[in-house]
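Each remark here refers to the structure printed beneath this line.
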Amino acid sequence: MHPMIDELPKAKTTVLGLYLTAAEAYERWKADPEGVRILDVRTPEEHLFVGHAPMAWKVPLLALHYRWDAAKQEFPGRILGDFVDRVKSVAGPEHTILAMCRSGGRSAMAVNLLADGGFTQVYNIVDGMEGDVVEDPRSVFSGQ
């Protein structure tokens with residue numbers, strides 16, 4: 001029984017069904033740093049302003065548009081068409097790939113694209129680099 005993984009929201013599920021928490025992913029990488037690739041699919045802006053794991057390969061899944069979408073309350077992004085090819089330049093089918101983003105949604109999208117591209121050992125790091133948005137109005141971190 002794994003509470004964080006057993007009850008995943010649909011947006012974090014993948015066709016491969018392979019999941020890890022960030023702590024589990026780090027232990028997996030430490031056990032085999034040559035055979036395991038941590039793949040950070042966040043945007044360059046996130047790497048710059050939030051930071052990144054030093055062992056992670058930074059291969060963004062999306063490019064942001066800098067025109068605010070008021071209806072969605074976000075800067076929209078588009079999936080980069082060469083994403084799978086760029087991952088293939090740093091990892092092959094012999095590697096285990098651990099994909100992460102901010103909170104597990106975009107990394108799930110990345111896992112599905114990589115599965116379509118022939119990769120079979122790609123895990124979604126379900127809590128990502130920062131975790132889910134805090135939805136407790138009593139918290140100073142509400143909305144973050």
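For the structure tokens, the naming scheme is as follows: chains receive sequential letters (A, B, ...) according to their order of presentation, residues are indexed from 1 within each chain, and ligands are indexed from 1 in presentation order.
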Run DSSP on the backbone and grab whatever in region 4-119 of chain A lands in helix (DSSP H, G or I); send it over as JSON, numbers by chain. {"A": [4, 5, 6, 10, 11, 12, 22, 23, 24, 25, 26, 27, 28, 29, 30, 31, 44, 45, 46, 47, 48, 49, 50, 83, 84, 85, 86, 87, 88, 105, 106, 107, 108, 109, 110, 111, 112, 113, 114, 115, 116]}
Output file for the selection above: N, CA and C atoms, as a short mmCIF file (atom, residue, chain, number, x, y, z; two decimals), in the first residue's frame:
```
data_model
loop_
_atom_site.label_atom_id
_atom_site.label_comp_id
_atom_site.auth_asym_id
_atom_site.auth_seq_id
_atom_site.Cartn_x
_atom_site.Cartn_y
_atom_site.Cartn_z
N MET A 4 0.45 7.70 -1.69
CA MET A 4 0.67 8.73 -2.70
C MET A 4 0.48 8.16 -4.11
N ILE A 5 0.81 6.89 -4.30
CA ILE A 5 0.76 6.29 -5.63
C ILE A 5 -0.55 5.54 -5.89
N ASP A 6 -1.12 4.95 -4.86
CA ASP A 6 -2.34 4.15 -5.04
C ASP A 6 -3.55 4.98 -5.46
N LYS A 10 -5.90 11.26 -12.37
CA LYS A 10 -5.76 10.80 -13.74
C LYS A 10 -4.63 11.51 -14.48
N ALA A 11 -4.44 12.80 -14.22
CA ALA A 11 -3.40 13.57 -14.92
C ALA A 11 -1.99 13.10 -14.61
N LYS A 12 -1.81 12.31 -13.56
CA LYS A 12 -0.48 11.81 -13.20
C LYS A 12 -0.27 10.36 -13.59
N ALA A 22 9.59 11.22 -5.18
CA ALA A 22 10.89 11.85 -5.36
C ALA A 22 11.95 11.16 -4.49
N ALA A 23 11.61 10.82 -3.27
CA ALA A 23 12.57 10.14 -2.38
C ALA A 23 12.94 8.77 -2.94
N GLU A 24 11.98 8.03 -3.44
CA GLU A 24 12.26 6.71 -4.03
C GLU A 24 13.11 6.85 -5.29
N ALA A 25 12.83 7.88 -6.09
CA ALA A 25 13.59 8.10 -7.32
C ALA A 25 15.06 8.38 -6.98
N TYR A 26 15.30 9.19 -5.98
CA TYR A 26 16.66 9.50 -5.59
C TYR A 26 17.39 8.24 -5.15
N GLU A 27 16.75 7.39 -4.38
CA GLU A 27 17.37 6.14 -3.94
C GLU A 27 17.65 5.22 -5.14
N ARG A 28 16.73 5.18 -6.10
CA ARG A 28 16.92 4.35 -7.30
C ARG A 28 18.13 4.85 -8.08
N TRP A 29 18.24 6.18 -8.24
CA TRP A 29 19.38 6.75 -8.95
C TRP A 29 20.69 6.46 -8.21
N LYS A 30 20.71 6.65 -6.88
CA LYS A 30 21.93 6.40 -6.10
C LYS A 30 22.40 4.96 -6.24
N ALA A 31 21.47 4.03 -6.34
CA ALA A 31 21.82 2.61 -6.46
C ALA A 31 22.43 2.27 -7.81
N PRO A 44 13.03 25.92 -18.92
CA PRO A 44 14.26 26.59 -18.47
C PRO A 44 13.99 27.65 -17.40
N GLU A 45 12.84 28.30 -17.48
CA GLU A 45 12.51 29.30 -16.46
C GLU A 45 12.39 28.65 -15.08
N GLU A 46 11.79 27.47 -15.02
CA GLU A 46 11.68 26.77 -13.74
C GLU A 46 13.06 26.36 -13.21
N HIS A 47 13.93 25.91 -14.10
CA HIS A 47 15.29 25.56 -13.68
C HIS A 47 15.98 26.78 -13.10
N LEU A 48 15.81 27.93 -13.75
CA LEU A 48 16.46 29.16 -13.33
C LEU A 48 15.93 29.67 -11.99
N PHE A 49 14.61 29.71 -11.83
CA PHE A 49 14.03 30.34 -10.66
C PHE A 49 13.79 29.40 -9.48
N VAL A 50 13.66 28.10 -9.74
CA VAL A 50 13.38 27.14 -8.66
C VAL A 50 14.62 26.31 -8.35
N PHE A 83 10.90 16.47 -28.65
CA PHE A 83 11.15 16.03 -27.28
C PHE A 83 11.74 14.62 -27.22
N VAL A 84 11.10 13.65 -27.84
CA VAL A 84 11.56 12.26 -27.77
C VAL A 84 12.96 12.13 -28.37
N ASP A 85 13.23 12.79 -29.47
CA ASP A 85 14.56 12.72 -30.08
C ASP A 85 15.61 13.32 -29.15
N ARG A 86 15.28 14.40 -28.46
CA ARG A 86 16.24 15.00 -27.53
C ARG A 86 16.50 14.07 -26.35
N VAL A 87 15.47 13.37 -25.88
CA VAL A 87 15.70 12.39 -24.81
C VAL A 87 16.58 11.25 -25.32
N LYS A 88 16.35 10.82 -26.55
CA LYS A 88 17.17 9.73 -27.13
C LYS A 88 18.64 10.12 -27.23
N GLY A 105 2.37 16.10 -13.34
CA GLY A 105 1.46 16.12 -14.48
C GLY A 105 2.17 16.13 -15.82
N ARG A 106 3.08 17.09 -16.01
CA ARG A 106 3.83 17.14 -17.28
C ARG A 106 4.75 15.94 -17.42
N SER A 107 5.29 15.46 -16.31
CA SER A 107 6.15 14.28 -16.41
C SER A 107 5.34 13.07 -16.85
N ALA A 108 4.07 12.99 -16.47
CA ALA A 108 3.20 11.90 -16.96
C ALA A 108 3.03 12.02 -18.47
N MET A 109 2.85 13.24 -18.97
CA MET A 109 2.75 13.46 -20.41
C MET A 109 4.05 13.01 -21.09
N ALA A 110 5.19 13.34 -20.47
CA ALA A 110 6.48 12.96 -21.04
C ALA A 110 6.64 11.45 -21.08
N VAL A 111 6.23 10.77 -20.00
CA VAL A 111 6.31 9.30 -19.97
C VAL A 111 5.51 8.72 -21.13
N ASN A 112 4.31 9.22 -21.34
CA ASN A 112 3.46 8.69 -22.42
C ASN A 112 4.08 8.92 -23.80
N LEU A 113 4.69 10.08 -24.01
CA LEU A 113 5.36 10.35 -25.29
C LEU A 113 6.56 9.42 -25.46
N LEU A 114 7.32 9.20 -24.39
CA LEU A 114 8.48 8.31 -24.48
C LEU A 114 8.04 6.87 -24.71
N ALA A 115 6.94 6.47 -24.10
CA ALA A 115 6.40 5.11 -24.34
C ALA A 115 6.03 4.97 -25.82
N ASP A 116 5.39 5.99 -26.39
CA ASP A 116 5.08 5.97 -27.82
C ASP A 116 6.34 5.91 -28.67
#
```
Quick one: residues within 8 Å of Leu39 (chain A), only C-alpha atoms, excluding same-chain residues fewer than 6 positions away - as a PyMOL selection string? chain A and resi 56-59+97-100
What gap, in Å, lies between CA of Thr96 (chain A) and CA of Arg37 (chain A)?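 Distance between the two atoms: 6.2 Å.
Taking only C-alpha atoms, the non-local environment of Leu61 (chain A) within 6 Å (same-chain residues fewer than 6 positions away omitted) comprises Val41, Ile79 and Leu80 of chain A.
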Considering only C-alpha atoms, return as a PyMOL selection string whatever protein or nucleic-acid residues lie within 7 Å of Leu20 (chain A), sequence-local ones (same chain, fewer than 6 positions apart) excluded. chain A and resi 123-126
May I ask for the distance between CA of Cys101 (chain A) and CA of Asp127 (chain A), given in Å to one decimal place?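 Computing it gives 8.5 Å between the two atoms.
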